[in-house]
Amino acid sequence: MAWQTIKSGKWLLIAVSLFLLLLVLSPTPVGASALSTGEEMAVDEAYALIPTSIQMVDEAITVLSQGWTGMSVDEQQLFRELFDPGETGEIDDRFISDSLENFRRIRRRFDEELAIHPGRDMDMCITNRLLYTDYSHIFVCPYYNQEDDASRKARMLVHELAHFTLWARDRHYYQPRTYSARYAALTPRGPRLAQLPVLGPIFREIAAADTLYHPDAYAWFAAEVFELPG
Ligand SMILES: [Zn+2]
């Protein structure tokens, strides 16, 4: 009898532990509380703009697939402005193919199920920020509903996806048609240490001085190349 009690007590303990473990392991209940109308609108629109972001990335892939010499002068100019802003001349065939591969990785990420939630972290939703990411989900800030530039919304989705596809943090943001010495200081591959095998990626993220892993370079190139005539 005593053995039975001990045995069932043991199983109860195991069941409770398993339950607690599942609770701990289950994803953060982001959408646990009800969405407000504004949040629902923003999340719905963010989902609806996924095809536009995909078109932008597809266009970038089409353009880069032609290789440097196959690109038009405007496409080359745009690529240089974003990926070699300091005109180091480091853009070669290998760089084109590395950035193309990163675009393809971002594109593949769009094929996986994207989780978009209302963004309630007001430390993240500063000023006119539209989206942020925890490197696995996308969060939509309250300002999203006030922004009527759909292109910016689609571009920012590419930016956030680039963050967690490339596992990269922000370098200095790009400002179109505005010279920025800090953006111009970025180089295609960053410091030499960033190119070391194995430890390179750690140095690269510490320095954050390259464009090859800069989410904004990908987002802006995709958005702007999509707008180019022809
Ligand atoms: Zn960012």
# chains A, B, ... in the order shown; residues from 1 in each chain; ligands from 1

$ closest_atom_pairs --of "chain A" --to "ligand 1" --cutoff "12 Å" --atoms "only C-alpha atoms and all ligand atoms" --output "Markdown table"
| residue | atom | partner | partner_atom_place_in_ligand_line | distance |
| --- | --- | --- | --- | --- |
| A:Met124 | CA | ligand 1 | 1 (Zn) | 10.7 |
| A:Arg129 | CA | ligand 1 | 1 (Zn) | 9.9 |
| A:Leu130 | CA | ligand 1 | 1 (Zn) | 10.7 |
| A:Leu131 | CA | ligand 1 | 1 (Zn) | 8.8 |
| A:Tyr132 | CA | ligand 1 | 1 (Zn) | 7.2 |
| A:Thr133 | CA | ligand 1 | 1 (Zn) | 8.2 |
| A:Asp134 | CA | ligand 1 | 1 (Zn) | 10.7 |
| A:Tyr135 | CA | ligand 1 | 1 (Zn) | 10.5 |
| A:Ile138 | CA | ligand 1 | 1 (Zn) | 11.5 |
| A:Arg155 | CA | ligand 1 | 1 (Zn) | 11.2 |
| A:Met156 | CA | ligand 1 | 1 (Zn) | 8.3 |
| A:Leu157 | CA | ligand 1 | 1 (Zn) | 9.9 |
| A:Val158 | CA | ligand 1 | 1 (Zn) | 9.9 |
| A:His159 | CA | ligand 1 | 1 (Zn) | 6.2 |
| A:Glu160 | CA | ligand 1 | 1 (Zn) | 6.1 |
| A:Leu161 | CA | ligand 1 | 1 (Zn) | 9.3 |
| A:Ala162 | CA | ligand 1 | 1 (Zn) | 8.5 |
| A:His163 | CA | ligand 1 | 1 (Zn) | 6.5 |
| A:Phe164 | CA | ligand 1 | 1 (Zn) | 9.9 |
| A:Leu166 | CA | ligand 1 | 1 (Zn) | 11.7 |
| A:Trp167 | CA | ligand 1 | 1 (Zn) | 11.1 |
| A:Ala168 | CA | ligand 1 | 1 (Zn) | 8.8 |
| A:Arg169 | CA | ligand 1 | 1 (Zn) | 6.5 |
| A:Asp170 | CA | ligand 1 | 1 (Zn) | 4.9 |
| A:Arg171 | CA | ligand 1 | 1 (Zn) | 8.1 |
| A:His172 | CA | ligand 1 | 1 (Zn) | 9.4 |
| A:Tyr173 | CA | ligand 1 | 1 (Zn) | 8.1 |
| A:Tyr174 | CA | ligand 1 | 1 (Zn) | 10.8 |
| A:Tyr213 | CA | ligand 1 | 1 (Zn) | 11.3 |
| A:His214 | CA | ligand 1 | 1 (Zn) | 8.5 |
| A:Pro215 | CA | ligand 1 | 1 (Zn) | 6.3 |
| A:Asp216 | CA | ligand 1 | 1 (Zn) | 6.8 |
| A:Ala217 | CA | ligand 1 | 1 (Zn) | 10.4 |
| A:Tyr218 | CA | ligand 1 | 1 (Zn) | 11.0 |
| A:Ala219 | CA | ligand 1 | 1 (Zn) | 9.8 |
| A:Trp220 | CA | ligand 1 | 1 (Zn) | 11.8 |

$ write_last_selection --atoms "C-alpha atoms" --output "short mmCIF file (atom, residue, chain, number, x, y, z; two decimals), in the first residue's frame"
data_model
loop_
_atom_site.label_atom_id
_atom_site.label_comp_id
_atom_site.auth_asym_id
_atom_site.auth_seq_id
_atom_site.Cartn_x
_atom_site.Cartn_y
_atom_site.Cartn_z
CA MET A 124 11.45 49.65 -28.73
CA ARG A 129 9.45 53.26 -35.51
CA LEU A 130 7.17 50.86 -37.37
CA LEU A 131 8.50 47.44 -36.46
CA TYR A 132 11.00 45.66 -34.28
CA THR A 133 12.15 42.09 -33.86
CA ASP A 134 13.29 39.78 -31.09
CA TYR A 135 15.20 37.83 -33.78
CA ILE A 138 8.07 40.66 -35.83
CA ARG A 155 10.92 47.96 -46.70
CA MET A 156 11.04 47.81 -42.91
CA LEU A 157 9.70 44.28 -43.01
CA VAL A 158 12.67 43.32 -45.21
CA HIS A 159 14.92 45.13 -42.71
CA GLU A 160 13.56 43.22 -39.70
CA LEU A 161 13.73 39.90 -41.53
CA ALA A 162 17.31 40.64 -42.55
CA HIS A 163 18.11 41.10 -38.82
CA PHE A 164 17.24 37.59 -37.89
CA LEU A 166 21.61 37.26 -41.15
CA TRP A 167 21.77 37.30 -37.37
CA ALA A 168 23.07 40.84 -37.58
CA ARG A 169 22.52 44.03 -35.64
CA ASP A 170 22.14 47.52 -37.07
CA ARG A 171 25.04 49.44 -38.49
CA HIS A 172 24.54 53.17 -39.13
CA TYR A 173 21.15 53.71 -40.81
CA TYR A 174 20.96 54.77 -44.44
CA TYR A 213 25.54 42.13 -42.92
CA HIS A 214 23.74 45.46 -42.63
CA PRO A 215 19.95 44.95 -42.56
CA ASP A 216 19.36 48.50 -43.82
CA ALA A 217 21.57 48.02 -46.91
CA TYR A 218 19.44 45.02 -47.94
CA ALA A 219 16.14 46.70 -47.18
CA TRP A 220 17.00 49.91 -49.01
#

$ residues_around --residues "stretch 222-228 of chain A" --least-positions-apart "6" --cutoff "6 Å" --atoms "only C-alpha atoms" --output "list in words"
Met56, Val57, Glu59, Ala60 and Arg155 of chain A

$ closest_residue --among "A:Pro85, A:Pro201, A:Pro142, A:Gly119" --to "A:Leu186" --atoms "only C-alpha atoms"
A:Pro85

$ closest_residue --among "A:Gln76, A:Asp210, A:Ile202, A:Arg104" --to "A:Arg182" --atoms "only C-alpha atoms"
A:Asp210

$ select_by_dssp --residues "stretch 138-174 of chain A" --states "alpha helix (DSSP H)" --output "list in words"
Ala150, Ser151, Arg152, Lys153, Ala154, Arg155, Met156, Leu157, Val158, His159, Glu160, Leu161, Ala162, His163, Phe164, Thr165 and Leu166 of chain A

$ write_last_selection --atoms "N, CA and C atoms" --output "PDB file, in the first residue's frame"
ATOM      1  N   ALA A 150       3.346  53.079 -47.677  1.00  0.00           N
ATOM      2  CA  ALA A 150       3.322  51.601 -47.697  1.00  0.00           C
ATOM      3  C   ALA A 150       4.686  51.033 -48.077  1.00  0.00           C
ATOM      4  N   SER A 151       5.425  51.795 -48.913  1.00  0.00           N
ATOM      5  CA  SER A 151       6.741  51.329 -49.330  1.00  0.00           C
ATOM      6  C   SER A 151       7.681  51.240 -48.120  1.00  0.00           C
ATOM      7  N   ARG A 152       7.587  52.236 -47.235  1.00  0.00           N
ATOM      8  CA  ARG A 152       8.430  52.212 -46.024  1.00  0.00           C
ATOM      9  C   ARG A 152       8.063  51.002 -45.158  1.00  0.00           C
ATOM     10  N   LYS A 153       6.761  50.731 -45.088  1.00  0.00           N
ATOM     11  CA  LYS A 153       6.312  49.587 -44.276  1.00  0.00           C
ATOM     12  C   LYS A 153       6.857  48.266 -44.837  1.00  0.00           C
ATOM     13  N   ALA A 154       6.782  48.115 -46.165  1.00  0.00           N
ATOM     14  CA  ALA A 154       7.274  46.879 -46.797  1.00  0.00           C
ATOM     15  C   ALA A 154       8.793  46.789 -46.665  1.00  0.00           C
ATOM     16  N   ARG A 155       9.454  47.940 -46.803  1.00  0.00           N
ATOM     17  CA  ARG A 155      10.925  47.956 -46.695  1.00  0.00           C
ATOM     18  C   ARG A 155      11.366  47.579 -45.282  1.00  0.00           C
ATOM     19  N   MET A 156      10.661  48.107 -44.294  1.00  0.00           N
ATOM     20  CA  MET A 156      11.042  47.814 -42.910  1.00  0.00           C
ATOM     21  C   MET A 156      10.845  46.335 -42.572  1.00  0.00           C
ATOM     22  N   LEU A 157       9.891  45.713 -43.242  1.00  0.00           N
ATOM     23  CA  LEU A 157       9.704  44.277 -43.007  1.00  0.00           C
ATOM     24  C   LEU A 157      10.920  43.506 -43.534  1.00  0.00           C
ATOM     25  N   VAL A 158      11.439  43.944 -44.679  1.00  0.00           N
ATOM     26  CA  VAL A 158      12.665  43.322 -45.213  1.00  0.00           C
ATOM     27  C   VAL A 158      13.802  43.553 -44.212  1.00  0.00           C
ATOM     28  N   HIS A 159      13.871  44.775 -43.684  1.00  0.00           N
ATOM     29  CA  HIS A 159      14.924  45.127 -42.707  1.00  0.00           C
ATOM     30  C   HIS A 159      14.867  44.194 -41.485  1.00  0.00           C
ATOM     31  N   GLU A 160      13.680  44.049 -40.915  1.00  0.00           N
ATOM     32  CA  GLU A 160      13.561  43.220 -39.698  1.00  0.00           C
ATOM     33  C   GLU A 160      13.897  41.757 -39.999  1.00  0.00           C
ATOM     34  N   LEU A 161      13.451  41.293 -41.156  1.00  0.00           N
ATOM     35  CA  LEU A 161      13.725  39.903 -41.529  1.00  0.00           C
ATOM     36  C   LEU A 161      15.222  39.690 -41.758  1.00  0.00           C
ATOM     37  N   ALA A 162      15.863  40.720 -42.324  1.00  0.00           N
ATOM     38  CA  ALA A 162      17.313  40.639 -42.545  1.00  0.00           C
ATOM     39  C   ALA A 162      18.029  40.498 -41.201  1.00  0.00           C
ATOM     40  N   HIS A 163      17.505  41.206 -40.158  1.00  0.00           N
ATOM     41  CA  HIS A 163      18.106  41.098 -38.823  1.00  0.00           C
ATOM     42  C   HIS A 163      18.225  39.647 -38.405  1.00  0.00           C
ATOM     43  N   PHE A 164      17.113  38.920 -38.452  1.00  0.00           N
ATOM     44  CA  PHE A 164      17.244  37.585 -37.890  1.00  0.00           C
ATOM     45  C   PHE A 164      17.626  36.518 -38.888  1.00  0.00           C
ATOM     46  N   THR A 165      17.566  36.830 -40.174  1.00  0.00           N
ATOM     47  CA  THR A 165      18.082  35.864 -41.146  1.00  0.00           C
ATOM     48  C   THR A 165      19.604  35.897 -41.127  1.00  0.00           C
ATOM     49  N   LEU A 166      20.154  37.111 -41.102  1.00  0.00           N
ATOM     50  CA  LEU A 166      21.612  37.259 -41.150  1.00  0.00           C
ATOM     51  C   LEU A 166      22.216  37.261 -39.749  1.00  0.00           C
TER      52      LEU A 166
END

$ closest_residue --among "A:Ala209, A:Asp58, A:Asp84, A:Ser36" --to "A:Arg108" --atoms "only C-alpha atoms"
A:Asp58

$ select_by_dssp --residues "stretch 43-204 of chain A" --states "strand (DSSP E or B)" --output "list in words"
Ile116, His117, Pro118, Leu131, Tyr132, Thr133, Ile138, Phe139, Val140 and Thr187 of chain A

$ residues_around --residues "A:Asp121" --least-positions-apart "4" --cutoff "10 Å" --atoms "only C-alpha atoms" --output "short mmCIF file (atom, residue, chain, number, x, y, z; two decimals) with N, CA and C atoms, in the first residue's frame"
data_model
loop_
_atom_site.label_atom_id
_atom_site.label_comp_id
_atom_site.auth_asym_id
_atom_site.auth_seq_id
_atom_site.Cartn_x
_atom_site.Cartn_y
_atom_site.Cartn_z
N CYS A 125 9.44 50.84 -29.35
CA CYS A 125 8.59 51.65 -30.25
C CYS A 125 8.81 53.14 -30.03
N ILE A 126 10.06 53.58 -30.23
CA ILE A 126 10.35 54.99 -30.03
C ILE A 126 10.10 55.76 -31.33
N TYR A 132 9.75 46.12 -34.89
CA TYR A 132 11.00 45.66 -34.28
C TYR A 132 10.95 44.14 -34.22
N PHE A 139 7.32 42.54 -34.47
CA PHE A 139 6.36 43.28 -33.65
C PHE A 139 6.02 44.60 -34.34
N VAL A 140 4.74 44.94 -34.31
CA VAL A 140 4.28 46.15 -35.00
C VAL A 140 3.99 47.23 -33.96
N CYS A 141 4.66 48.37 -34.11
CA CYS A 141 4.51 49.47 -33.16
C CYS A 141 3.22 50.27 -33.41
#

$ atom_distance --atom1 "atom CA of A:Arg80" --atom2 "atom CA of A:Thr187"
10.4 Å

$ atom_distance --atom1 "atom CA of A:Leu114" --atom2 "atom CA of A:Asn102"
18.2 Å

$ closest_atom_pairs --of "stretch 90-143 of chain A" --to "stretch 42-52 of chain A" --cutoff "7 Å" --atoms "only C-alpha atoms" --output "tab-separated table"
residue	atom	partner	partner_atom	distance
A:Ile116	CA	A:Val43	CA	6.4
A:His117	CA	A:Val43	CA	6.4
A:Pro118	CA	A:Val43	CA	6.4
A:Val140	CA	A:Val43	CA	6.4
